[in-house]
$ cat entry-v6.txt   # compact mmCIF, C-alpha atoms
# COMPACT_ATOMS: atom_id res chain seq x y z
CA PHE A 190 -5.63 -25.47 -6.12
CA THR A 191 -3.50 -24.60 -9.13
CA THR A 192 -2.41 -21.22 -10.43
CA SER A 193 -0.32 -20.30 -13.45
CA ASN A 194 0.96 -16.77 -13.87
CA SER A 195 2.87 -15.09 -16.66
CA ALA A 196 3.73 -11.42 -16.92
CA PHE A 197 5.50 -8.93 -19.14
CA TYR A 198 6.90 -5.72 -17.71
CA VAL A 199 8.63 -2.77 -19.36
CA GLU A 200 9.78 0.66 -18.24
CA ASN A 201 12.10 3.30 -19.59
CA LEU A 202 13.91 6.26 -18.07
CA PHE A 203 13.61 9.45 -20.15
CA ARG A 204 15.98 12.26 -19.23
CA LEU A 205 14.21 15.41 -20.40
CA SER A 206 16.95 17.67 -19.06
CA GLU A 207 19.84 17.60 -16.62
CA ARG A 208 17.38 18.16 -13.77
CA LEU A 209 14.17 16.43 -14.88
CA SER A 210 13.49 12.77 -15.70
CA ILE A 211 10.36 10.63 -16.06
CA THR A 212 9.97 6.85 -15.98
CA PRO A 213 6.73 5.41 -17.42
CA GLY A 214 6.06 1.68 -17.20
CA ALA A 215 3.47 -1.00 -17.87
CA ARG A 216 2.86 -4.55 -16.70
CA ILE A 217 0.67 -7.16 -18.39
CA GLU A 218 -0.43 -10.08 -16.22
CA HIS A 219 -2.07 -13.33 -17.32
CA ILE A 220 -3.36 -15.50 -14.46
CA VAL A 221 -5.27 -18.77 -14.65
CA SER A 222 -6.64 -20.28 -11.41
CA ARG A 223 -8.44 -23.57 -10.93
CA VAL A 224 -10.14 -25.08 -7.88
CA ASP A 225 -11.52 -28.61 -7.69
CA GLY A 226 -12.88 -30.67 -4.80
CA ARG A 227 -15.55 -30.86 -2.15
CA ILE A 228 -16.12 -29.00 1.11
CA ASN A 229 -18.43 -29.65 4.06
CA ASN A 230 -19.73 -26.09 4.59
CA SER A 231 -21.27 -25.68 1.15
CA GLY A 232 -24.86 -26.77 0.66
CA ALA A 233 -24.03 -28.63 -2.56
CA GLY A 234 -20.78 -29.93 -1.13
CA ALA A 235 -18.73 -28.52 -4.00
CA VAL A 236 -16.25 -25.68 -4.16
CA ASP A 237 -16.25 -23.05 -6.90
CA SER A 238 -14.90 -25.42 -9.55
CA GLY A 239 -13.62 -24.51 -12.98
CA GLU A 240 -11.12 -21.98 -14.21
CA ARG A 241 -10.88 -18.25 -13.62
CA GLN A 242 -8.76 -16.35 -16.08
CA ARG A 243 -7.52 -12.81 -15.63
CA ASP A 244 -5.72 -10.53 -18.06
CA ARG A 245 -4.73 -7.26 -16.44
CA VAL A 246 -2.79 -4.28 -17.75
CA LEU A 247 -1.30 -2.04 -15.07
CA PHE A 248 0.26 1.34 -15.76
CA GLY A 249 2.57 3.50 -13.71
CA ALA A 250 4.86 6.47 -14.02
CA GLY A 251 7.42 8.28 -11.92
CA ALA A 252 9.07 11.67 -12.21
CA GLN A 253 11.99 13.30 -10.45
CA MET A 254 13.32 16.85 -10.61
CA ARG A 255 16.55 17.91 -8.95
CA ALA A 256 15.86 20.96 -6.80
CA THR A 257 19.47 21.47 -5.63
CA THR A 258 22.68 19.50 -5.95
CA SER A 259 21.61 17.23 -3.06
CA THR A 260 17.79 17.39 -2.97
CA SER A 261 15.02 16.45 -5.38
CA ILE A 262 11.25 16.52 -5.83
CA TYR A 263 9.56 13.29 -6.89
CA ALA A 264 6.09 12.09 -7.89
CA ASN A 265 4.69 8.65 -8.68
CA PHE A 266 1.50 7.03 -9.97
CA SER A 267 0.81 3.30 -10.01
CA GLU A 268 -2.15 0.99 -10.52
CA ALA A 269 -2.74 -2.21 -8.55
CA TYR A 270 -5.31 -4.91 -7.92
CA ARG A 271 -6.18 -7.57 -5.36
CA PRO A 272 -7.39 -10.82 -6.95
CA VAL A 273 -10.34 -12.75 -5.58
CA LEU A 274 -8.96 -15.38 -3.19
CA TYR A 275 -10.12 -18.90 -2.43
CA SER A 276 -11.32 -17.71 1.00
CA ASP A 277 -13.54 -15.12 -0.75
CA LEU A 278 -15.17 -17.85 -2.84
CA THR A 279 -15.72 -20.27 0.04
CA PRO A 280 -18.85 -19.84 2.21
CA SER A 281 -18.15 -19.81 5.93
CA ALA A 282 -21.51 -21.51 6.58
CA THR A 283 -23.94 -23.58 4.51
CA THR A 284 -26.43 -20.71 4.39
CA ASP A 285 -23.94 -18.14 3.05
CA VAL A 286 -24.14 -17.07 -0.58
CA ILE A 287 -21.23 -15.98 -2.79
CA ASP A 288 -21.87 -13.45 -5.55
CA PRO A 289 -21.20 -15.36 -8.82
CA GLY A 290 -19.99 -12.10 -10.36
CA LEU A 291 -17.44 -11.35 -7.63
CA ARG A 292 -14.71 -9.15 -9.11
CA ASP A 293 -11.10 -8.44 -8.25
CA ALA A 294 -10.52 -5.32 -6.18
CA SER A 295 -8.55 -2.57 -7.89
CA GLY A 296 -7.04 0.79 -7.12
CA TYR A 297 -4.26 3.29 -7.67
CA ASN A 298 -1.74 5.25 -5.65
CA ILE A 299 -0.35 8.78 -6.11
CA ASP A 300 2.47 10.25 -4.06
CA LEU A 301 4.47 13.47 -4.08
CA GLY A 302 7.55 14.20 -2.02
CA TYR A 303 10.79 16.03 -1.37
CA ARG A 304 13.99 14.20 -0.34
CA GLY A 305 17.73 14.58 -0.13
CA ASP A 306 20.51 15.35 2.30
CA LEU A 307 21.92 18.47 3.95
CA HIS A 308 25.69 18.85 4.25
CA LYS A 309 25.98 15.03 4.05
CA ALA A 310 24.95 14.91 7.71
CA ILE A 311 21.14 14.95 7.58
CA THR A 312 19.06 12.73 5.29
CA PHE A 313 15.34 13.41 4.93
CA ASP A 314 12.24 12.42 2.95
CA VAL A 315 8.85 14.15 3.27
CA GLY A 316 5.86 13.16 1.18
CA ALA A 317 2.08 12.99 0.81
CA TYR A 318 -0.02 10.27 -0.77
CA PHE A 319 -3.51 9.39 -2.04
CA LEU A 320 -4.66 5.76 -2.28
CA SER A 321 -7.93 4.63 -3.88
CA TYR A 322 -9.18 1.09 -3.12
CA ASP A 323 -12.26 0.15 -5.19
CA ASN A 324 -14.46 -2.96 -5.33
CA ARG A 325 -13.62 -3.95 -1.76
CA ILE A 326 -14.96 -7.40 -0.88
CA GLY A 327 -17.31 -7.72 2.07
CA THR A 328 -20.44 -9.41 3.42
CA VAL A 329 -23.94 -7.93 3.68
CA LEU A 330 -27.25 -9.37 4.84
CA ARG A 331 -29.67 -9.99 1.97
CA ASP A 332 -32.92 -11.94 2.24
CA GLY A 333 -31.87 -13.20 5.65
CA VAL A 334 -28.53 -14.72 4.53
CA ASN A 335 -24.95 -13.48 4.42
CA TYR A 336 -24.06 -12.40 0.89
CA ARG A 337 -20.40 -11.89 -0.05
CA THR A 338 -19.92 -9.38 -2.86
CA ASN A 339 -18.03 -6.26 -3.95
CA ILE A 340 -19.21 -3.97 -1.23
CA GLY A 341 -17.65 -0.54 -1.62
CA LYS A 342 -14.71 1.79 -1.92
CA SER A 343 -12.25 3.46 0.45
CA VAL A 344 -9.78 6.31 0.09
CA SER A 345 -6.61 6.85 2.10
CA THR A 346 -4.76 10.16 2.35
CA GLY A 347 -1.78 10.97 4.47
CA VAL A 348 1.72 12.32 4.93
CA GLU A 349 4.97 10.59 5.81
CA ALA A 350 8.24 12.08 6.99
CA TYR A 351 11.66 10.58 7.74
CA ALA A 352 14.91 12.14 8.90
CA GLU A 353 18.27 10.82 10.05
CA ALA A 354 21.18 12.85 11.40
CA ASP A 355 24.80 11.81 11.74
CA VAL A 356 25.59 13.60 15.00
CA LEU A 357 29.39 13.51 14.75
CA ARG A 358 29.47 14.70 11.16
CA LEU A 359 26.91 17.37 12.00
CA PHE A 360 29.33 18.88 14.49
CA GLY A 361 32.34 18.58 12.24
CA ALA A 362 33.80 15.24 13.36
CA ASP A 363 34.05 12.77 10.49
CA LYS A 364 35.52 9.53 11.79
CA GLN A 365 34.95 6.52 9.55
CA ASP A 366 35.15 3.99 12.39
CA ARG A 367 32.67 5.79 14.66
CA ARG A 368 29.06 6.78 13.96
CA ILE A 369 26.26 8.12 16.14
CA SER A 370 23.03 8.64 14.27
CA ILE A 371 19.56 9.69 15.39
CA PHE A 372 16.57 8.85 13.19
CA GLY A 373 12.84 9.33 13.29
CA SER A 374 9.79 8.78 11.10
CA TYR A 375 6.17 9.86 11.38
CA GLY A 376 3.16 8.91 9.31
CA PHE A 377 -0.36 10.31 9.51
CA ASN A 378 -3.09 8.35 7.76
CA ASP A 379 -6.78 9.10 7.22
CA THR A 380 -8.62 6.15 5.63
CA ARG A 381 -12.38 6.33 5.11
CA TYR A 382 -15.10 4.49 3.25
CA THR A 383 -16.48 6.60 0.41
CA ARG A 384 -19.03 4.04 -0.80
CA TRP A 385 -20.77 1.10 0.89
CA ASN A 386 -23.34 -0.88 -1.10
CA ASP A 387 -25.64 -2.01 1.69
CA PRO A 388 -29.22 -0.67 1.41
CA ALA A 389 -29.97 -1.82 4.97
CA LEU A 390 -27.39 0.62 6.35
CA ALA A 391 -27.51 3.42 3.78
CA GLU A 392 -30.71 4.95 5.17
CA ASP A 393 -29.66 4.72 8.83
CA PRO A 394 -27.53 7.74 9.86
CA VAL A 395 -26.14 5.82 12.85
CA LYS A 396 -25.15 2.63 11.01
CA ARG A 397 -24.16 4.31 7.74
CA ILE A 398 -20.64 3.30 6.73
CA GLU A 399 -19.80 6.09 4.28
CA ASN A 400 -17.29 8.67 5.55
CA LYS A 401 -16.41 6.49 8.55
CA ARG A 402 -12.85 5.35 9.21
CA VAL A 403 -11.66 1.98 7.96
CA GLU A 404 -10.80 -0.65 10.54
CA TYR A 405 -7.15 -1.75 11.05
CA ALA A 406 -5.83 1.47 9.45
CA PRO A 407 -3.56 3.21 12.02
CA ARG A 408 -4.26 6.91 12.47
CA TRP A 409 -0.59 7.63 12.99
CA THR A 410 2.70 5.78 13.34
CA PHE A 411 5.87 7.11 14.99
CA ARG A 412 9.29 5.49 15.10
CA SER A 413 12.50 6.92 16.49
CA GLY A 414 15.85 5.58 17.51
CA LEU A 415 19.55 5.91 18.05
CA THR A 416 22.38 3.91 16.48
CA TRP A 417 25.97 3.88 17.72
CA ARG A 418 28.75 2.19 15.80
CA GLU A 419 32.29 1.77 17.12
CA ARG A 420 34.51 -0.03 14.63
CA ARG A 421 32.94 -3.50 14.31
CA PHE A 422 30.47 -3.07 17.17
CA THR A 423 26.97 -1.64 16.65
CA ALA A 424 24.16 -0.95 19.14
CA SER A 425 20.70 0.39 18.42
CA MET A 426 17.66 1.52 20.36
CA LEU A 427 14.22 1.86 18.77
CA VAL A 428 10.96 3.37 20.01
CA ASN A 429 7.80 2.48 18.11
CA ALA A 430 4.29 3.87 18.72
CA VAL A 431 1.12 3.23 16.71
$ encode --input "entry-v6.txt" --output "C-alpha cells"
Amino acid sequence: FTTSNSAFYVENLFRLSERLSITPGARIEHIVSRVDGRINNSGAGAVDSGERQRDRVLFGAGAQMRATTSTSIYANFSEAYRPVLYSDLTPSATTDVIDPGLRDASGYNIDLGYRGDLHKAITFDVGAYFLSYDNRIGTVLRDGVNYRTNIGKSVSTGVEAYAEADVLRLFGADKQDRRISIFGSYGFNDTRYTRWNDPALAEDPVKRIENKRVEYAPRWTFRSGLTWRERRFTASMLVNAV
C-alpha cells in the first residue's frame, strides 16, 4: 500500500469594517494511491491493483461580526470528503462484489453561532449546524450477493451550547492564585438518512431507510464539571452523559 499526497492551501482575512470580517479559503489536494498483492477472500485472489488518482478542490469561508465589545456572531461553510479506503475495496467474502465505480464520499458543513464573555466572568458559545454527507458507502443485496457501492445520503442538524463561569470573579473576588470555575456543554443532534439506493427496501414501508435515524449518531451529549485551582494545585470533576 502506497499513498502520495500533495496539497496547496490559501486563505485571506478581509476586514470589511471595524466590526465585520470574512475569511474565504481554498484547498487543492492531489492524492495517488496504489495497492498490489494477493488476498485469500477474493475469488480471483487479487486485490484492487493499479493506481487511483484524485484531484479535489475544497472551498470554505468564515465570517465574524462583533455584536458588542466582548461578544460576536460567527458563521462558517466548509467542504469535505472521505476517500475510498482499502477496506471498502476489499470483499469480506469470496462471493461479495465491489462496485468498480465506487466514489469518494463528499459533503459540506454550515454553522452559525454567538459567542463571547460577560463581565470577564462568564464565557459562552451557542451555535447551530447543518451537515450534509453524500455518497455514503454501504452494502446492499443484489442478485443474491452482497454489493458494496455508494448507497445514499444523510443530513445532520443540531445545536451546541457551552458556558463556563468563574465563580469567584462573578462575585467580585479576583484572586490570581485561586480559581473556581463551573462549566457545562450540551449538544442535540438529529441525523437521518435522506436517500438510500436499495430497491429491495424502498418499496417496504417497514424496512425503508429514508427518514430514519443514522446509527452511532448520539441524540444528545451533556458534559458538566467543576475545576478548583489553588496556587499550583488543580482538581477537577467531570460528569459526562451521552
$ closest_residue --input "entry-v6.txt" --among "A:Asn386, A:Asn298, A:Asn265, A:Asn378" --to "Asn324 (chain A)" --atoms "only C-alpha atoms"
A:Asn386
$ residues_near_point --input "entry-v6.txt" --point "(3.2, -11.0, -11.0)" --cutoff "12 Å" --atoms "only C-alpha atoms" --output "PyMOL selection string"
chain A and resi 192-198+216-220+243-247+269-272
$ closest_residue --input "entry-v6.txt" --among "A:Ser261, A:Ser321, A:Thr380, A:Thr212" --to "Ala294 (chain A)" --atoms "only C-alpha atoms"
A:Ser321
$ closest_residue --input "entry-v6.txt" --among "A:Ile287, A:Leu301, A:Ala406, A:Leu278" --to "Val431 (chain A)" --atoms "only C-alpha atoms"
A:Ala406
$ atom_distance --input "entry-v6.txt" --atom1 "CA of Ala389 (chain A)" --atom2 "CA of Gly296 (chain A)"
26.1 Å
$ atom_distance --input "entry-v6.txt" --atom1 "CA of Tyr336 (chain A)" --atom2 "CA of Leu274 (chain A)"
15.9 Å
$ closest_residue --input "entry-v6.txt" --among "A:Glu419, A:Asp314, A:Glu268, A:Asp332" --to "Asp285 (chain A)" --atoms "only C-alpha atoms"
A:Asp332
$ closest_residue --input "entry-v6.txt" --among "A:Tyr351, A:Tyr405, A:Tyr318, A:Trp417" --to "Ile369 (chain A)" --atoms "all atoms listed in the file"
A:Trp417
$ closest_residue --input "entry-v6.txt" --among "A:Val199, A:Val428, A:Ile211, A:Ile262" --to "Gly305 (chain A)" --atoms "all atoms listed in the file"
A:Ile262
$ residues_around --input "entry-v6.txt" --residues "Val329 (chain A)" --least-positions-apart "3" --cutoff "8 Å" --atoms "only C-alpha atoms" --output "PyMOL selection string"
chain A and resi 335-338+340+387
$ residues_around --input "entry-v6.txt" --residues "Ile398 (chain A)" --least-positions-apart "3" --cutoff "8 Å" --atoms "only C-alpha atoms" --output "ChimeraX atom specification"
/A:382,384-385,390-391,401
$ atom_distance --input "entry-v6.txt" --atom1 "CA of Phe248 (chain A)" --atom2 "CA of Ala215 (chain A)"
4.5 Å
$ residues_near_point --input "entry-v6.txt" --point "(10.3, 7.9, -12.1)" --cutoff "9 Å" --atoms "all atoms listed in the file" --output "JSON, numbers by chain"
{"A": [201, 202, 203, 210, 211, 212, 213, 250, 251, 252, 253, 263, 264, 265]}
$ write_last_selection --input "entry-v6.txt" --atoms "C-alpha atoms" --output "PDB file, keeping the file's coordinate frame"
ATOM      1  CA  ASN A 201      12.100   3.300 -19.590  1.00  0.00           C
ATOM      2  CA  LEU A 202      13.910   6.260 -18.070  1.00  0.00           C
ATOM      3  CA  PHE A 203      13.610   9.450 -20.150  1.00  0.00           C
ATOM      4  CA  SER A 210      13.490  12.770 -15.700  1.00  0.00           C
ATOM      5  CA  ILE A 211      10.360  10.630 -16.060  1.00  0.00           C
ATOM      6  CA  THR A 212       9.970   6.850 -15.980  1.00  0.00           C
ATOM      7  CA  PRO A 213       6.730   5.410 -17.420  1.00  0.00           C
ATOM      8  CA  ALA A 250       4.860   6.470 -14.020  1.00  0.00           C
ATOM      9  CA  GLY A 251       7.420   8.280 -11.920  1.00  0.00           C
ATOM     10  CA  ALA A 252       9.070  11.670 -12.210  1.00  0.00           C
ATOM     11  CA  GLN A 253      11.990  13.300 -10.450  1.00  0.00           C
ATOM     12  CA  TYR A 263       9.560  13.290  -6.890  1.00  0.00           C
ATOM     13  CA  ALA A 264       6.090  12.090  -7.890  1.00  0.00           C
ATOM     14  CA  ASN A 265       4.690   8.650  -8.680  1.00  0.00           C
TER      15      ASN A 265
END
$ residues_around --input "entry-v6.txt" --residues "Ser222 (chain A)" --least-positions-apart "2" --cutoff "6 Å" --atoms "only C-alpha atoms" --output "list in words"
Thr191, Thr192, Glu240 and Arg241 of chain A
$ residues_around --input "entry-v6.txt" --residues "Leu415 (chain A)" --least-positions-apart "4" --cutoff "8 Å" --atoms "only C-alpha atoms" --output "list in words"
Ile369, Ser370, Ile371, Phe372, Ser425, Met426 and Leu427 of chain A
$ axis_aligned_box --input "entry-v6.txt" --around "region 305-324 of chain A" --padding-each-side "5 Å" --output "JSON"
{"center_x": 5.8, "center_y": 7.9, "center_z": 1.2, "size_x": 50.4, "size_y": 31.8, "size_z": 23.0}
$ decode --input "entry-v6.txt" --residues "region 307-349 of chain A" --atoms "N, CA and C atoms" --output "mmCIF file, in the first residue's frame"
data_model
loop_
_atom_site.group_PDB
_atom_site.id
_atom_site.type_symbol
_atom_site.label_atom_id
_atom_site.label_comp_id
_atom_site.auth_asym_id
_atom_site.auth_seq_id
_atom_site.Cartn_x
_atom_site.Cartn_y
_atom_site.Cartn_z
ATOM 1 N N LEU A 307 -19.068 37.609 29.376
ATOM 2 C CA LEU A 307 -19.852 38.606 30.106
ATOM 3 C C LEU A 307 -19.091 38.994 31.365
ATOM 4 N N HIS A 308 -18.702 40.268 31.439
ATOM 5 C CA HIS A 308 -18.008 40.814 32.602
ATOM 6 C C HIS A 308 -16.735 40.038 32.935
ATOM 7 N N LYS A 309 -16.146 39.394 31.939
ATOM 8 C CA LYS A 309 -14.915 38.609 32.095
ATOM 9 C C LYS A 309 -15.055 37.474 33.111
ATOM 10 N N ALA A 310 -16.301 37.118 33.424
ATOM 11 C CA ALA A 310 -16.541 36.058 34.404
ATOM 12 C C ALA A 310 -17.261 34.859 33.791
ATOM 13 N N ILE A 311 -18.019 35.092 32.728
ATOM 14 C CA ILE A 311 -18.768 34.017 32.078
ATOM 15 C C ILE A 311 -18.378 33.981 30.602
ATOM 16 N N THR A 312 -17.946 32.822 30.136
ATOM 17 C CA THR A 312 -17.631 32.600 28.733
ATOM 18 C C THR A 312 -18.674 31.661 28.142
ATOM 19 N N PHE A 313 -19.161 31.981 26.939
ATOM 20 C CA PHE A 313 -20.218 31.150 26.355
ATOM 21 C C PHE A 313 -20.054 31.055 24.843
ATOM 22 N N ASP A 314 -20.675 30.020 24.280
ATOM 23 C CA ASP A 314 -20.695 29.797 22.829
ATOM 24 C C ASP A 314 -21.938 28.971 22.518
ATOM 25 N N VAL A 315 -22.850 29.532 21.728
ATOM 26 C CA VAL A 315 -24.085 28.856 21.343
ATOM 27 C C VAL A 315 -24.176 28.854 19.832
ATOM 28 N N GLY A 316 -24.435 27.681 19.240
ATOM 29 C CA GLY A 316 -24.467 27.624 17.788
ATOM 30 C C GLY A 316 -25.359 26.520 17.261
ATOM 31 N N ALA A 317 -25.664 26.602 15.972
ATOM 32 C CA ALA A 317 -26.441 25.591 15.262
ATOM 33 C C ALA A 317 -25.668 25.181 14.019
ATOM 34 N N TYR A 318 -25.916 23.960 13.545
ATOM 35 C CA TYR A 318 -25.158 23.474 12.393
ATOM 36 C C TYR A 318 -26.026 22.612 11.481
ATOM 37 N N PHE A 319 -25.544 22.464 10.238
ATOM 38 C CA PHE A 319 -26.168 21.613 9.227
ATOM 39 C C PHE A 319 -25.044 20.889 8.503
ATOM 40 N N LEU A 320 -25.095 19.555 8.483
ATOM 41 C CA LEU A 320 -24.046 18.746 7.869
ATOM 42 C C LEU A 320 -24.659 17.803 6.843
ATOM 43 N N SER A 321 -24.185 17.890 5.599
ATOM 44 C CA SER A 321 -24.631 17.010 4.518
ATOM 45 C C SER A 321 -23.531 16.012 4.201
ATOM 46 N N TYR A 322 -23.888 14.719 4.162
ATOM 47 C CA TYR A 322 -22.934 13.634 3.919
ATOM 48 C C TYR A 322 -23.475 12.801 2.755
ATOM 49 N N ASP A 323 -22.904 12.998 1.564
ATOM 50 C CA ASP A 323 -23.418 12.371 0.340
ATOM 51 C C ASP A 323 -22.508 11.229 -0.106
ATOM 52 N N ASN A 324 -23.064 10.352 -0.938
ATOM 53 C CA ASN A 324 -22.331 9.197 -1.480
ATOM 54 C C ASN A 324 -21.783 8.292 -0.380
ATOM 55 N N ARG A 325 -22.576 8.106 0.674
ATOM 56 C CA ARG A 325 -22.167 7.183 1.731
ATOM 57 C C ARG A 325 -21.950 5.793 1.145
ATOM 58 N N ILE A 326 -20.974 5.071 1.696
ATOM 59 C CA ILE A 326 -20.636 3.747 1.187
ATOM 60 C C ILE A 326 -21.314 2.693 2.059
ATOM 61 N N GLY A 327 -21.982 1.741 1.401
ATOM 62 C CA GLY A 327 -22.666 0.691 2.131
ATOM 63 C C GLY A 327 -22.800 -0.558 1.279
ATOM 64 N N THR A 328 -23.477 -1.557 1.828
ATOM 65 C CA THR A 328 -23.641 -2.849 1.153
ATOM 66 C C THR A 328 -25.119 -3.163 0.999
ATOM 67 N N VAL A 329 -25.512 -3.577 -0.207
ATOM 68 C CA VAL A 329 -26.884 -3.986 -0.489
ATOM 69 C C VAL A 329 -26.852 -5.369 -1.114
ATOM 70 N N LEU A 330 -27.997 -6.030 -1.114
ATOM 71 C CA LEU A 330 -28.105 -7.372 -1.688
ATOM 72 C C LEU A 330 -28.621 -7.263 -3.121
ATOM 73 N N ARG A 331 -27.801 -7.667 -4.067
ATOM 74 C CA ARG A 331 -28.191 -7.642 -5.488
ATOM 75 C C ARG A 331 -27.863 -8.988 -6.127
ATOM 76 N N ASP A 332 -28.878 -9.563 -6.765
ATOM 77 C CA ASP A 332 -28.718 -10.862 -7.433
ATOM 78 C C ASP A 332 -28.160 -11.920 -6.481
ATOM 79 N N GLY A 333 -28.570 -11.846 -5.223
ATOM 80 C CA GLY A 333 -28.189 -12.850 -4.255
ATOM 81 C C GLY A 333 -26.811 -12.693 -3.646
ATOM 82 N N VAL A 334 -26.085 -11.614 -3.970
ATOM 83 C CA VAL A 334 -24.749 -11.387 -3.408
ATOM 84 C C VAL A 334 -24.682 -10.001 -2.787
ATOM 85 N N ASN A 335 -23.755 -9.832 -1.836
ATOM 86 C CA ASN A 335 -23.540 -8.524 -1.237
ATOM 87 C C ASN A 335 -22.789 -7.625 -2.214
ATOM 88 N N TYR A 336 -23.327 -6.423 -2.430
ATOM 89 C CA TYR A 336 -22.764 -5.497 -3.400
ATOM 90 C C TYR A 336 -22.431 -4.189 -2.684
ATOM 91 N N ARG A 337 -21.134 -3.851 -2.629
ATOM 92 C CA ARG A 337 -20.710 -2.628 -1.939
ATOM 93 C C ARG A 337 -20.640 -1.482 -2.938
ATOM 94 N N THR A 338 -21.383 -0.397 -2.633
ATOM 95 C CA THR A 338 -21.464 0.717 -3.564
ATOM 96 C C THR A 338 -21.786 1.994 -2.798
ATOM 97 N N ASN A 339 -21.917 3.099 -3.524
ATOM 98 C CA ASN A 339 -22.369 4.359 -2.910
ATOM 99 C C ASN A 339 -23.873 4.244 -2.699
ATOM 100 N N ILE A 340 -24.263 4.230 -1.454
ATOM 101 C CA ILE A 340 -25.603 3.769 -1.114
ATOM 102 C C ILE A 340 -26.600 4.887 -0.822
ATOM 103 N N GLY A 341 -26.143 6.053 -0.386
ATOM 104 C CA GLY A 341 -27.141 7.054 -0.052
ATOM 105 C C GLY A 341 -26.561 8.327 0.527
ATOM 106 N N LYS A 342 -27.434 9.055 1.206
ATOM 107 C CA LYS A 342 -27.076 10.371 1.742
ATOM 108 C C LYS A 342 -27.729 10.544 3.099
ATOM 109 N N SER A 343 -27.033 11.265 3.994
ATOM 110 C CA SER A 343 -27.596 11.597 5.300
ATOM 111 C C SER A 343 -27.393 13.082 5.582
ATOM 112 N N VAL A 344 -28.238 13.603 6.450
ATOM 113 C CA VAL A 344 -28.177 15.012 6.844
ATOM 114 C C VAL A 344 -28.235 15.092 8.364
ATOM 115 N N SER A 345 -27.351 15.881 8.938
ATOM 116 C CA SER A 345 -27.330 16.089 10.382
ATOM 117 C C SER A 345 -27.634 17.552 10.688
ATOM 118 N N THR A 346 -28.511 17.782 11.627
ATOM 119 C CA THR A 346 -28.801 19.134 12.103
ATOM 120 C C THR A 346 -28.760 19.110 13.624
ATOM 121 N N GLY A 347 -28.363 20.217 14.200
ATOM 122 C CA GLY A 347 -28.298 20.230 15.655
ATOM 123 C C GLY A 347 -27.886 21.571 16.215
ATOM 124 N N VAL A 348 -27.825 21.615 17.534
ATOM 125 C CA VAL A 348 -27.400 22.815 18.251
ATOM 126 C C VAL A 348 -26.380 22.394 19.306
ATOM 127 N N GLU A 349 -25.475 23.296 19.600
ATOM 128 C CA GLU A 349 -24.456 23.068 20.619
ATOM 129 C C GLU A 349 -24.335 24.316 21.486
#
